[in-house]
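Asker: See work-v1.txt below, with compact mmCIF, C-alpha atoms.
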```txt
# COMPACT_ATOMS: atom_id res chain seq x y z
CA MET A 185 0.00 0.00 0.00
CA LYS A 186 1.45 3.33 -1.05
CA ARG A 187 0.34 6.91 -0.89
CA ILE A 188 0.87 9.48 -3.60
CA ALA A 189 0.25 13.14 -2.86
CA VAL A 190 -0.44 15.06 -6.05
CA GLY A 191 0.00 18.83 -6.07
CA THR A 192 -1.87 20.54 -8.88
CA GLU A 193 -2.94 23.89 -10.23
CA LYS A 194 -6.26 23.36 -8.40
CA GLY A 195 -5.59 21.76 -5.04
CA ALA A 196 -3.92 18.55 -3.94
CA TYR A 197 -5.16 14.99 -4.15
CA LEU A 198 -4.17 11.94 -2.17
CA LEU A 199 -4.06 8.49 -3.74
CA THR A 200 -3.85 5.37 -1.62
CA GLY A 201 -3.41 1.93 -3.12
CA ALA A 202 -1.15 -0.23 -5.24
CA GLY A 203 -0.94 -1.48 -8.80
CA SER A 204 -3.91 -0.14 -10.69
CA ASN A 205 -6.25 0.15 -7.70
CA TRP A 206 -6.16 3.56 -6.07
CA GLU A 207 -8.58 5.49 -3.93
CA VAL A 208 -8.59 9.23 -4.41
CA GLU A 209 -9.19 11.79 -1.68
CA GLY A 210 -9.43 15.50 -2.28
CA PRO A 211 -9.15 18.16 -3.19
CA LEU A 212 -7.02 19.23 -0.28
CA PHE A 213 -6.46 23.01 -0.21
CA PRO A 214 -9.35 23.57 -2.65
CA GLY A 215 -8.83 26.61 -4.82
CA TRP A 216 -5.09 26.82 -4.11
CA LYS A 217 -2.14 25.80 -6.22
CA VAL A 218 0.02 23.20 -4.53
CA THR A 219 3.54 23.93 -5.67
CA ALA A 220 5.84 21.69 -3.62
CA PHE A 221 5.94 18.87 -1.12
CA GLY A 222 8.71 18.14 1.33
CA ASN A 223 9.59 16.79 4.73
CA ALA A 224 10.74 18.49 7.90
CA PRO A 225 13.61 17.07 9.96
CA ASP A 226 11.06 15.61 12.41
CA GLY A 227 9.47 13.65 9.55
CA SER A 228 6.40 15.84 9.15
CA HIS A 229 5.11 16.32 5.64
CA LEU A 230 5.14 19.82 4.18
CA ALA A 231 3.02 21.30 1.43
CA ALA A 232 3.59 24.67 -0.18
CA VAL A 233 0.47 26.35 -1.49
CA GLY A 234 -0.12 29.52 -3.42
CA SER A 235 -2.95 31.67 -4.61
CA ASN A 236 -3.21 34.40 -7.19
CA TRP A 237 -5.12 36.36 -4.55
CA PHE A 238 -3.75 35.37 -1.17
CA GLY A 239 -0.04 34.72 -1.64
CA VAL A 240 1.80 31.67 -0.37
CA GLY A 241 1.40 29.36 2.59
CA ILE A 242 3.02 26.33 4.17
CA HIS A 243 1.06 23.49 5.71
CA ARG A 244 2.32 20.63 7.88
CA SER A 245 0.87 17.16 8.30
CA GLU A 246 1.73 13.96 10.11
CA ASN A 247 -0.26 11.73 7.78
CA LEU A 248 -0.80 13.60 4.46
CA VAL A 249 -4.53 13.77 5.29
CA ASP A 250 -4.85 16.30 8.10
CA TRP A 251 -3.01 19.55 7.47
CA SER A 252 -2.51 22.73 9.45
CA GLN A 253 -1.13 26.00 8.18
CA THR A 254 1.95 27.52 9.74
CA ASP A 255 1.62 31.20 10.62
CA ASN A 256 4.88 32.54 9.21
CA PRO A 257 5.85 31.30 5.74
CA PRO A 258 8.95 32.73 4.05
CA SER A 259 8.55 36.43 3.39
CA TRP A 260 10.85 38.95 1.79
CA PRO A 261 12.03 41.76 4.05
CA GLU A 262 10.18 44.91 2.99
CA GLU A 263 13.41 46.75 2.18
CA THR A 264 14.22 44.29 -0.61
CA GLY A 265 11.14 45.40 -2.54
CA ARG A 266 10.63 41.78 -3.60
CA ARG A 267 7.44 39.78 -3.42
CA MET A 268 7.00 36.17 -2.39
CA GLU A 269 5.48 34.69 -5.54
CA GLN A 270 5.84 30.95 -5.00
CA ILE A 271 7.55 28.34 -2.87
CA TRP A 272 9.26 26.02 -5.31
CA ALA A 273 11.13 23.47 -3.21
CA PHE A 274 11.92 22.17 0.26
CA HIS A 275 15.10 20.43 1.32
CA ASP A 276 15.82 18.73 4.64
CA ASP A 277 19.56 18.45 5.25
CA GLY A 278 19.00 16.47 8.42
CA ALA A 279 19.22 19.45 10.72
CA ARG A 280 17.82 22.46 8.92
CA LEU A 281 15.01 22.91 6.50
CA TRP A 282 15.60 24.92 3.34
CA ALA A 283 13.12 26.48 0.94
CA GLY A 284 13.71 27.78 -2.55
CA VAL A 285 11.33 30.50 -3.65
CA ALA A 286 10.36 33.01 -6.33
CA GLN A 287 11.26 35.83 -6.57
CA ALA A 288 14.48 33.88 -6.44
CA GLY A 289 15.81 33.30 -2.99
CA LEU A 290 16.75 30.82 -0.34
CA PHE A 291 15.28 30.64 3.17
CA THR A 292 15.99 28.34 6.10
CA SER A 293 14.00 27.16 9.07
CA ASP A 294 15.38 25.76 12.30
CA ASP A 295 11.96 24.89 13.71
CA GLY A 296 10.59 22.54 11.09
CA GLY A 297 9.01 25.17 8.87
CA PHE A 298 7.14 27.29 11.41
CA SER A 299 9.40 30.29 10.84
CA TRP A 300 11.93 31.21 8.18
CA ASP A 301 14.99 33.39 7.72
CA PRO A 302 16.38 34.61 4.39
CA ILE A 303 19.88 33.51 3.40
CA GLU A 304 21.25 36.92 2.53
CA SER A 305 24.59 35.54 1.34
CA LEU A 306 22.79 34.02 -1.65
CA ASN A 307 19.77 36.31 -1.90
CA GLU A 308 21.95 39.41 -2.07
CA HIS A 309 24.74 37.71 -4.02
CA ARG A 310 27.10 40.10 -5.80
CA THR A 311 25.78 38.80 -9.15
CA ARG A 312 22.10 39.48 -8.27
CA ALA A 313 21.83 42.47 -10.61
CA ASP A 314 22.48 40.06 -13.49
CA TRP A 315 19.82 37.53 -12.44
CA HIS A 316 17.01 37.51 -15.01
CA PRO A 317 13.91 35.32 -15.03
CA GLY A 318 13.21 32.40 -17.33
CA ALA A 319 9.78 31.33 -18.54
CA GLY A 320 8.96 29.99 -15.09
CA GLY A 321 9.98 33.20 -13.39
CA LEU A 322 13.05 33.99 -11.33
CA CYS A 323 13.04 31.11 -8.91
CA ALA A 324 15.31 29.02 -6.70
CA HIS A 325 13.87 25.59 -7.33
CA ARG A 326 16.38 22.88 -6.46
CA ILE A 327 18.42 22.39 -3.28
CA LEU A 328 20.83 19.55 -2.50
CA SER A 329 23.30 19.00 0.30
CA GLY A 330 26.02 16.53 1.21
CA ALA A 331 29.66 16.19 2.24
CA GLY A 332 29.50 19.61 3.86
CA SER A 333 28.34 21.42 0.74
CA ILE A 334 25.02 22.87 -0.38
CA TRP A 335 23.86 23.38 -3.94
CA VAL A 336 21.00 25.55 -5.12
CA GLY A 337 19.65 25.82 -8.64
CA VAL A 338 18.19 29.12 -9.78
CA SER A 339 16.40 29.67 -13.11
CA ALA A 340 17.68 31.23 -15.32
CA VAL A 341 20.79 32.02 -13.30
CA GLY A 342 22.58 28.73 -12.64
CA VAL A 343 23.85 26.47 -9.90
CA PHE A 344 25.56 27.92 -6.84
CA ARG A 345 27.56 25.90 -4.31
CA SER A 346 28.43 26.75 -0.74
CA ASP A 347 31.20 24.87 1.03
CA ASP A 348 30.88 26.79 4.28
CA GLY A 349 27.33 26.16 5.40
CA GLY A 350 25.78 28.92 3.34
CA VAL A 351 28.13 31.75 4.28
CA THR A 352 29.46 32.17 0.74
CA TRP A 353 28.23 30.92 -2.64
CA VAL A 354 30.10 30.35 -5.89
CA PRO A 355 28.45 29.89 -9.32
CA LYS A 356 29.19 26.39 -10.67
CA ASN A 357 28.28 26.28 -14.32
CA ASP A 358 31.48 25.67 -16.30
CA GLY A 359 30.66 23.54 -19.30
CA ILE A 360 27.04 24.67 -19.46
CA PRO A 361 26.02 26.85 -22.43
CA ALA A 362 24.57 30.18 -21.37
CA VAL A 363 20.94 30.92 -22.14
CA ASP A 364 21.36 34.20 -23.97
CA THR A 365 24.87 34.86 -25.14
CA ALA A 366 25.83 36.12 -28.55
CA GLU A 367 28.34 34.02 -30.41
CA GLY A 368 31.83 35.19 -29.55
CA ALA A 369 30.70 37.11 -26.48
CA GLU A 370 32.55 36.71 -23.21
CA ARG A 371 31.15 33.90 -21.08
CA PRO A 372 28.90 35.38 -18.35
CA GLU A 373 29.26 34.45 -14.70
CA VAL A 374 25.51 33.79 -14.39
CA GLY A 375 22.75 33.14 -16.93
CA TYR A 376 22.59 29.33 -16.98
CA CYS A 377 19.14 27.85 -16.87
CA VAL A 378 19.26 24.82 -14.62
CA HIS A 379 15.99 22.86 -14.60
CA GLY A 380 16.77 19.84 -12.44
CA LEU A 381 19.57 18.53 -10.23
CA ALA A 382 20.34 15.13 -8.76
CA HIS A 383 23.25 13.52 -7.02
CA ASP A 384 24.34 10.36 -5.28
CA PRO A 385 23.93 10.92 -1.52
CA ALA A 386 26.85 8.55 -0.92
CA ASP A 387 29.02 10.49 -3.37
CA PRO A 388 27.38 13.91 -3.45
CA PHE A 389 29.97 15.54 -5.70
CA THR A 390 28.86 13.24 -8.53
CA MET A 391 25.94 15.18 -9.92
CA TRP A 392 23.55 15.23 -12.84
CA ARG A 393 21.76 18.21 -14.26
CA GLN A 394 18.79 18.62 -16.59
CA ASP A 395 19.44 22.04 -18.00
CA HIS A 396 17.62 24.20 -20.47
CA ARG A 397 20.54 23.50 -22.80
CA GLY A 398 20.76 19.74 -22.28
CA VAL A 399 21.69 16.99 -19.85
CA PHE A 400 25.02 17.22 -18.05
CA ARG A 401 27.16 15.43 -15.45
CA SER A 402 29.76 16.65 -13.01
CA THR A 403 32.14 14.50 -10.98
CA ASP A 404 33.55 17.40 -9.00
CA GLY A 405 30.52 18.97 -7.37
CA GLY A 406 29.73 21.23 -10.28
CA ASP A 407 33.18 22.66 -10.93
CA ASN A 408 32.98 21.18 -14.42
CA TRP A 409 30.03 19.82 -16.40
CA GLU A 410 30.02 17.52 -19.44
CA ARG A 411 27.15 16.84 -21.80
CA ILE A 412 25.65 13.32 -21.55
CA GLU A 413 22.86 12.81 -24.10
CA ASN A 414 23.84 9.57 -25.84
CA GLY A 415 20.56 7.84 -26.71
CA LEU A 416 18.20 10.66 -25.78
CA PRO A 417 15.70 11.94 -28.38
CA ALA A 418 16.15 15.49 -27.09
CA GLY A 419 18.22 17.29 -24.50
CA PHE A 420 15.45 19.54 -23.21
CA GLY A 421 13.35 18.65 -20.18
CA PHE A 422 12.79 19.51 -16.56
CA VAL A 423 13.20 16.32 -14.55
CA ILE A 424 16.30 14.43 -13.58
CA TRP A 425 15.86 11.71 -11.00
CA ARG A 426 18.29 9.27 -9.42
CA SER A 427 16.73 6.10 -8.08
CA PRO A 428 17.63 5.65 -4.43
CA ALA A 429 17.02 1.94 -4.95
CA SER A 430 19.51 1.29 -7.73
CA GLY A 431 21.28 4.49 -8.73
CA ARG A 432 19.50 4.39 -12.08
CA LEU A 433 19.05 7.85 -13.61
CA LEU A 434 15.80 8.93 -15.22
CA VAL A 435 14.84 11.88 -17.39
CA VAL A 436 11.71 12.72 -19.36
CA PRO A 437 12.87 14.42 -22.57
CA LEU A 438 10.79 17.10 -24.26
CA HIS A 439 11.29 18.27 -27.83
CA SER A 440 12.86 21.68 -27.24
CA ASP A 441 12.64 25.03 -25.55
CA GLU A 442 10.24 26.18 -28.24
CA ASN A 443 8.17 22.98 -28.23
CA ARG A 444 7.86 21.60 -24.71
CA VAL A 445 6.17 18.29 -25.48
CA PRO A 446 7.60 14.80 -26.06
CA VAL A 447 9.20 14.22 -29.45
CA ASP A 448 6.47 12.91 -31.79
CA GLY A 449 4.14 12.68 -28.78
CA LYS A 450 6.05 9.68 -27.42
CA LEU A 451 5.90 10.23 -23.68
CA ARG A 452 8.73 8.15 -22.23
CA ALA A 453 11.08 8.20 -19.29
CA TYR A 454 14.61 7.43 -20.36
CA ALA A 455 16.97 5.59 -18.04
CA SER A 456 20.71 5.38 -17.69
CA ASP A 457 22.35 2.53 -15.79
CA ASP A 458 25.89 3.71 -16.42
CA GLY A 459 25.88 7.08 -14.73
CA GLY A 460 24.68 8.94 -17.78
CA ASP A 461 27.06 7.54 -20.41
CA SER A 462 24.09 6.14 -22.33
CA TRP A 463 20.30 6.31 -22.20
CA GLN A 464 17.46 4.10 -23.33
CA VAL A 465 13.69 4.04 -22.93
CA ALA A 466 12.95 2.99 -19.37
CA GLY A 467 11.18 -0.35 -19.48
CA ASP A 468 7.77 -0.80 -21.05
CA GLY A 469 4.13 0.06 -20.60
CA TRP A 470 4.34 3.29 -22.56
CA PRO A 471 1.35 4.22 -24.70
CA ASP A 472 1.17 3.98 -28.47
CA ALA A 473 -1.24 6.93 -28.55
CA ALA A 474 0.33 10.36 -28.78
CA GLN A 475 0.81 12.14 -25.47
CA PHE A 476 1.56 15.79 -26.07
CA THR A 477 2.11 16.64 -22.44
CA GLY A 478 5.05 17.54 -20.24
CA VAL A 479 6.51 16.73 -16.86
CA LEU A 480 7.56 19.51 -14.50
CA ARG A 481 10.61 19.41 -12.26
CA GLY A 482 8.78 18.84 -9.00
CA ALA A 483 6.38 16.27 -10.41
CA PHE A 484 8.59 13.20 -9.95
CA ASP A 485 9.18 11.31 -6.73
CA GLY A 486 10.00 7.84 -5.56
CA ASP A 487 11.04 5.66 -2.69
CA GLU A 488 13.93 3.40 -1.79
CA ALA A 489 11.99 0.31 -2.83
CA GLY A 490 12.09 1.34 -6.49
CA ALA A 491 8.60 2.81 -6.79
CA PHE A 492 8.51 6.07 -8.74
CA CYS A 493 5.66 8.22 -9.90
CA PHE A 494 5.51 11.24 -12.14
CA GLY A 495 2.65 13.55 -13.02
CA THR A 496 2.11 15.37 -16.28
CA THR A 497 0.97 18.83 -17.23
CA GLY A 498 -2.03 17.00 -18.69
CA GLY A 499 -2.94 15.79 -15.21
CA LYS A 500 -2.11 12.09 -15.53
CA LEU A 501 0.06 9.92 -13.29
CA TRP A 502 2.59 7.32 -14.38
CA LEU A 503 3.78 4.75 -11.85
CA THR A 504 6.48 2.11 -11.72
CA GLU A 505 6.98 -0.21 -8.80
CA ASP A 506 9.99 -2.10 -10.19
CA ASP A 507 12.62 0.62 -10.56
CA GLY A 508 11.40 1.77 -13.94
CA GLU A 509 11.00 -1.57 -15.74
CA THR A 510 7.20 -1.50 -15.99
CA TRP A 511 5.10 1.64 -16.16
CA THR A 512 1.37 2.06 -15.63
CA GLU A 513 -0.80 5.06 -16.33
CA LEU A 514 -3.22 5.47 -13.42
CA ASP A 515 -6.87 6.06 -14.23
CA PRO A 516 -7.67 9.29 -12.34
CA ALA A 517 -7.08 12.59 -14.08
CA PHE A 518 -6.17 15.81 -12.33
CA PRO A 519 -5.42 19.43 -13.16
CA ARG A 520 -1.87 20.36 -14.26
CA ILE A 521 0.49 18.56 -11.88
CA ALA A 522 3.38 20.49 -10.33
CA ALA A 523 4.39 18.38 -7.34
CA ILE A 524 4.45 14.73 -6.29
CA GLU A 525 5.27 13.02 -3.03
CA LEU A 526 5.29 9.23 -2.97
CA VAL A 527 5.27 7.53 0.41
CA GLY A 528 5.87 3.79 0.63
CA MET B 1252 -16.99 48.11 19.65
CA SER B 1253 -17.63 44.87 17.82
CA VAL B 1254 -16.74 44.95 14.16
CA THR B 1255 -17.60 41.84 12.17
CA VAL B 1256 -15.07 40.63 9.61
CA ARG B 1257 -16.21 38.08 7.05
CA LEU B 1258 -13.62 36.09 5.11
CA PRO B 1259 -14.03 34.22 1.81
CA ARG B 1260 -14.39 30.51 2.32
CA VAL B 1261 -11.47 29.66 0.03
CA LEU B 1262 -9.27 31.51 2.49
CA SER B 1263 -10.79 30.62 5.83
CA GLU B 1264 -11.07 26.89 5.14
CA THR B 1265 -7.50 26.47 3.97
CA VAL B 1266 -6.04 28.63 6.72
CA GLY B 1267 -8.15 26.87 9.33
CA SER B 1268 -9.82 30.06 10.43
CA ALA B 1269 -13.44 30.80 11.24
CA PRO B 1270 -15.21 32.54 8.33
CA ARG B 1271 -16.51 35.25 10.68
CA HIS B 1272 -14.65 37.17 13.35
CA VAL B 1273 -15.75 39.85 15.79
CA VAL B 1274 -12.92 42.26 16.52
CA THR B 1275 -12.25 45.90 17.41
CA GLY B 1276 -10.63 48.91 15.75
CA GLY B 1277 -11.33 52.42 14.58
CA THR B 1278 -9.93 52.00 11.09
CA LEU B 1279 -9.72 49.07 8.73
CA GLY B 1280 -6.01 48.83 9.49
CA GLU B 1281 -6.69 48.61 13.22
CA VAL B 1282 -9.39 46.02 12.65
CA LEU B 1283 -6.98 43.89 10.63
CA GLU B 1284 -4.26 44.15 13.28
CA THR B 1285 -6.73 42.95 15.91
CA LEU B 1286 -7.72 40.11 13.60
CA PHE B 1287 -4.06 39.16 13.05
CA THR B 1288 -3.45 39.02 16.78
CA ALA B 1289 -6.05 36.28 16.99
CA GLU B 1290 -5.26 34.73 13.62
CA PRO B 1291 -1.61 35.45 12.76
CA GLY B 1292 -1.74 33.13 9.76
CA LEU B 1293 -4.05 35.54 7.94
CA ARG B 1294 -1.62 38.48 7.74
CA ASN B 1295 0.46 37.09 4.90
CA HIS B 1296 -2.65 36.31 2.88
CA LEU B 1297 -4.30 39.71 3.15
CA LEU B 1298 -1.30 42.06 3.15
CA ASP B 1299 1.86 41.99 1.07
CA GLU B 1300 5.42 42.48 2.31
CA ALA B 1301 4.92 46.24 2.39
CA GLY B 1302 1.82 45.96 4.57
CA VAL B 1303 -0.45 46.90 1.68
CA ILE B 1304 -3.69 45.05 0.91
CA ARG B 1305 -2.86 42.47 -1.75
CA PRO B 1306 -3.65 43.64 -5.29
CA HIS B 1307 -6.39 41.08 -5.95
CA VAL B 1308 -7.96 41.24 -2.50
CA LEU B 1309 -10.88 43.60 -2.07
CA MET B 1310 -12.09 44.90 1.26
CA PHE B 1311 -15.38 46.63 1.91
CA VAL B 1312 -16.56 48.45 5.02
CA ASP B 1313 -20.35 48.48 5.11
CA ALA B 1314 -20.45 47.82 1.36
CA ASP B 1315 -18.03 50.60 0.43
CA ARG B 1316 -14.60 49.78 -1.00
CA ALA B 1317 -12.06 50.44 1.72
CA ASP B 1318 -8.34 50.82 2.28
CA ILE B 1319 -6.19 50.61 5.36
CA ASP B 1320 -7.11 54.13 6.54
CA THR B 1321 -10.88 53.82 6.06
CA PRO B 1322 -12.75 54.61 9.32
CA VAL B 1323 -14.79 51.80 10.83
CA ARG B 1324 -17.87 52.32 13.02
CA PRO B 1325 -18.40 50.24 16.15
CA ASP B 1326 -21.05 48.14 14.41
CA SER B 1327 -19.48 48.01 10.97
CA GLU B 1328 -19.14 44.91 8.87
CA VAL B 1329 -15.92 44.29 6.96
CA GLN B 1330 -16.20 42.01 3.97
CA VAL B 1331 -13.04 40.49 2.44
CA LEU B 1332 -13.45 39.36 -1.16
CA GLN B 1333 -11.18 37.94 -3.80
CA ALA B 1334 -11.23 39.76 -7.10
CA VAL B 1335 -12.84 37.88 -9.95
CA SER B 1336 -9.92 36.71 -12.06
CA GLY B 1337 -8.11 33.57 -13.03
CA GLY B 1338 -9.03 30.52 -15.07
```
Could you write out this file's structure as structure tokens?
Answerer:
Amino acid sequence: MKRIAVGTEKGAYLLTGAGSNWEVEGPLFPGWKVTAFGNAPDGSHLAAVGSNWFGVGIHRSENLVDWSQTDNPPSWPEETGRRMEQIWAFHDDGARLWAGVAQAGLFTSDDGGFSWDPIESLNEHRTRADWHPGAGGLCAHRILSGAGSIWVGVSAVGVFRSDDGGVTWVPKNDGIPAVDTAEGAERPEVGYCVHGLAHDPADPFTMWRQDHRGVFRSTDGGDNWERIENGLPAGFGFVIWRSPASGRLLVVPLHSDENRVPVDGKLRAYASDDGGDSWQVAGDGWPDAAQFTGVLRGAFDGDEAGAFCFGTTGGKLWLTEDDGETWTELDPAFPRIAAIELVG
Amino acid sequence: MSVTVRLPRVLSETVGSAPRHVVTGGTLGEVLETLFTAEPGLRNHLLDEAGVIRPHVLMFVDADRADIDTPVRPDSEVQVLQAVSGG
């Protein structure tokens, strides 16, 4: 029996079941966008919500069913002139909770998400004047930590790494093509549109990156990146996922920046079992019918038993319970899916 | 003074607040501050970082559009509405 929390443009939904039999509860947070799920260091579940009218909120739950709002979500200090547009990601480093937000910034909580402090060393980084938004806005959307370092991905700015607990941050994008640079122009320090980040928790400086400009790997914590697209139908996409069960990598390629749907409508996850050297369609179960839909960066989650689930912008869920060998499209349909949490 | 504040259901249900509050204050701003003392989780949803009523939130005092400085009578009713927008 598993539970899948589905965060959508119109509320969240909770699926409980296995195989092709799932009960659906919801909507939770009716009328609100649910933009991210996460976990606090005490194991509580977190949901980030947002509204075009009422701003953002954070809710906590012990069981994914009963939720209560915290009173003090991340908020920009008034003097910054910025507005809190969306909470994009949570990250639990084992001691502190981190949140990536738009307008782009990083916040931390030492009390499990009840109160938050801005990380000024990143938020007021010396390169901030050159941070410009991508299509999804100017957002900090991916956070990783390990071996004493922290990484944050900011669209369309790049990856930053801190080796001193968040006191200082260095852009780590060598090898990544810039988003908007004229041929022959000097390489900018920022302006690299990271979409997704993954690493091996046991070897955190080995990293993989789904970028606007392709799929890349680093073996030195982001100091250098190399392109790894052998076998992929396209380099564009948002998701990169490393199976905690096997180390298998998964991506869901989309045609291009200009055409953000699967190539020829063939919705497929692609897997790499050699660290990104080569890719092939992940298992079977994929539909013959065209699926002109996408998968967003937060809409992929899995567990250590090899069960993964992703949700599409068309509101459908795809599930594997054997580490990506067999995929099943679940029957329920939802609004545009932005966030997934799978609990075994 | 007992000013009644009515909240839209989409807000009160998700925040976990009652849809109707009886509070005090001589201006809309004072009424909201009293409300936030009892329900701190509402502040962020009604006011932005600058302490201004959010752009797509409408507030009425006794059926007249109001801002933070609008006077409130002891028996006034404050209605919070969400602007009609979206898709």
Asker: Can you check which residues of chain B have any atom within 9 Å of chain A? Use all atoms listed in the file and format it as number ranges by chain.
Answerer: B: 1261-1262, 1264-1267, 1290-1302, 1305-1308, 1333-1334, 1336-1337
Asker: What does the file look like for those residues with C-alpha atoms, as a PDB file, in the frame of the given file?
Answerer:
```pdb
ATOM      1  CA  VAL B1261     -11.470  29.660   0.030  1.00  0.00           C
ATOM      2  CA  LEU B1262      -9.270  31.510   2.490  1.00  0.00           C
ATOM      3  CA  GLU B1264     -11.070  26.890   5.140  1.00  0.00           C
ATOM      4  CA  THR B1265      -7.500  26.470   3.970  1.00  0.00           C
ATOM      5  CA  VAL B1266      -6.040  28.630   6.720  1.00  0.00           C
ATOM      6  CA  GLY B1267      -8.150  26.870   9.330  1.00  0.00           C
ATOM      7  CA  GLU B1290      -5.260  34.730  13.620  1.00  0.00           C
ATOM      8  CA  PRO B1291      -1.610  35.450  12.760  1.00  0.00           C
ATOM      9  CA  GLY B1292      -1.740  33.130   9.760  1.00  0.00           C
ATOM     10  CA  LEU B1293      -4.050  35.540   7.940  1.00  0.00           C
ATOM     11  CA  ARG B1294      -1.620  38.480   7.740  1.00  0.00           C
ATOM     12  CA  ASN B1295       0.460  37.090   4.900  1.00  0.00           C
ATOM     13  CA  HIS B1296      -2.650  36.310   2.880  1.00  0.00           C
ATOM     14  CA  LEU B1297      -4.300  39.710   3.150  1.00  0.00           C
ATOM     15  CA  LEU B1298      -1.300  42.060   3.150  1.00  0.00           C
ATOM     16  CA  ASP B1299       1.860  41.990   1.070  1.00  0.00           C
ATOM     17  CA  GLU B1300       5.420  42.480   2.310  1.00  0.00           C
ATOM     18  CA  ALA B1301       4.920  46.240   2.390  1.00  0.00           C
ATOM     19  CA  GLY B1302       1.820  45.960   4.570  1.00  0.00           C
ATOM     20  CA  ARG B1305      -2.860  42.470  -1.750  1.00  0.00           C
ATOM     21  CA  PRO B1306      -3.650  43.640  -5.290  1.00  0.00           C
ATOM     22  CA  HIS B1307      -6.390  41.080  -5.950  1.00  0.00           C
ATOM     23  CA  VAL B1308      -7.960  41.240  -2.500  1.00  0.00           C
ATOM     24  CA  GLN B1333     -11.180  37.940  -3.800  1.00  0.00           C
ATOM     25  CA  ALA B1334     -11.230  39.760  -7.100  1.00  0.00           C
ATOM     26  CA  SER B1336      -9.920  36.710 -12.060  1.00  0.00           C
ATOM     27  CA  GLY B1337      -8.110  33.570 -13.030  1.00  0.00           C
TER      28      GLY B1337
END
```
Asker: Residues within 9 Å of region 437-449 of chain A, please, as a list in words. Count all atoms listed in the file; anything in the same chain fewer than 6 positions from it doesn't count.
Answerer: His396, Arg397, Leu416, Pro417, Ala418, Gly419, Phe420, Gly421, Phe422, Val423, Ala473, Ala474, Gln475, Phe476, Thr477, Gly478 and Val479 of chain A
Asker: Store the residues of this selection in a file with C-alpha atoms, as a CSV table (one decimal), keeping the file's coordinate frame.
Answerer:
```csv
chain,number,residue,atom,x,y,z
A,396,HIS,CA,17.6,24.2,-20.5
A,397,ARG,CA,20.5,23.5,-22.8
A,416,LEU,CA,18.2,10.7,-25.8
A,417,PRO,CA,15.7,11.9,-28.4
A,418,ALA,CA,16.2,15.5,-27.1
A,419,GLY,CA,18.2,17.3,-24.5
A,420,PHE,CA,15.4,19.5,-23.2
A,421,GLY,CA,13.4,18.6,-20.2
A,422,PHE,CA,12.8,19.5,-16.6
A,423,VAL,CA,13.2,16.3,-14.6
A,473,ALA,CA,-1.2,6.9,-28.6
A,474,ALA,CA,0.3,10.4,-28.8
A,475,GLN,CA,0.8,12.1,-25.5
A,476,PHE,CA,1.6,15.8,-26.1
A,477,THR,CA,2.1,16.6,-22.4
A,478,GLY,CA,5.0,17.5,-20.2
A,479,VAL,CA,6.5,16.7,-16.9
```
Asker: Between CA of Gly289 (chain A) and CA of Gly349 (chain A), what distance in Å does the model show, to one decimal?
Answerer: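 Spanning CA of Gly289 (chain A) to CA of Gly349 (chain A) is a straight-line distance of 15.9 Å.
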Asker: For a cut-off of 8 Å around (-16.1, 34.7, 5.0), file coordinates, pick out all residues using all atoms listed in the file and list them as a list in words.
Answerer: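 Selection result: Val1256, Arg1257, Leu1258, Pro1259, Arg1260, Leu1262, Ser1263, Ala1269, Pro1270, Arg1271, Gln1330 and Val1331 of chain B.
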Asker: Restricting the calculation to all atoms listed in the file: of A:Pro317, A:Pro516, A:Gly467, A:Gly342, which residue gets closest to Gly210 (chain A)?
Answerer: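 Of A:Pro317, A:Pro516, A:Gly467, A:Gly342, the one nearest Gly210 (chain A), counting all atoms listed in the file, is A:Pro516.
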Asker: Could you state the separation of CA of Thr200 (chain A) and CA of Leu503 (chain A) in Å, given to one decimal place?
Answerer: 12.8 Å
Asker: Step by step, gather every atom of region 1274-1282 of chain B that the file lists, find the box along x, y and z that holds them, add 4 Å on each side, and finally give centre and edge lengths in Å to one decimal, as JSON.
Answerer:
```
{"center_x": -9.5, "center_y": 47.3, "center_z": 13.1, "size_x": 14.9, "size_y": 18.2, "size_z": 16.7}
```
Asker: Need to verify the contact set: region 217-231 of chain A, 8 Å, only C-alpha atoms, exclusion of same-chain residues closer than 2 positions in sequence. Can you return it as a PyMOL selection string?
Answerer: chain A and resi 191-196+213+215+233-235+242-248+270-281+296-297+482+522-525
Asker: Can you work out which one of A:Leu480, A:Leu199, A:Ala382, A:Met185 has the shortest atom-to-atom distance to Gly406 (chain A), counting all atoms listed in the file?
Answerer: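 Among the listed residues, the smallest separation from Gly406 (chain A) belongs to A:Ala382.
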Asker: Find the distance between CA of Thr497 (chain A) and CA of Glu513 (chain A) and write it in Å to one decimal.
Answerer: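 One can read the CA of Thr497 (chain A) to CA of Glu513 (chain A) distance as 13.9 Å.
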Asker: When you look at region 366-372 of chain A with a cut-off of 10 Å (counting only C-alpha atoms), what residues show up, excluding the ones that are within fewer than 6 positions of it in the same chain? I need them as a list in words.
Answerer: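 Listed by chain and then number, they are Asp314, Asn357 and Asp358 of chain A.
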Asker: Which residue, B:Ile1304, B:Asp1326, B:Thr1255, B:Ala1314, has the smallest gap to Thr1285 (chain B) when you use only C-alpha atoms?
Answerer: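 Closest to Thr1285 (chain B) of all the choices is B:Thr1255.
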Asker: From the set A:Gly332, A:Gly508, A:Pro519, A:Pro471, which residue has the shortest atom-to-atom contact distance to Thr496 (chain A), counting only C-alpha atoms?
Answerer: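 Using only C-alpha atoms, the shortest distance to Thr496 (chain A) belongs to A:Pro519.
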Asker: Distance cut-off 12 Å, centre (-10.3, 42.5, 18.9) in file coordinates, counting all atoms listed in the file: which residues qualify? Return them as a list in words.
Answerer: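 Nearby residues: Met1252, Ser1253, Val1254, Thr1255, Val1256, His1272, Val1273, Val1274, Thr1275, Gly1276, Gly1277, Glu1281, Val1282, Leu1283, Glu1284, Thr1285, Leu1286, Phe1287, Thr1288, Ala1289, Glu1290 and Pro1325 of chain B.
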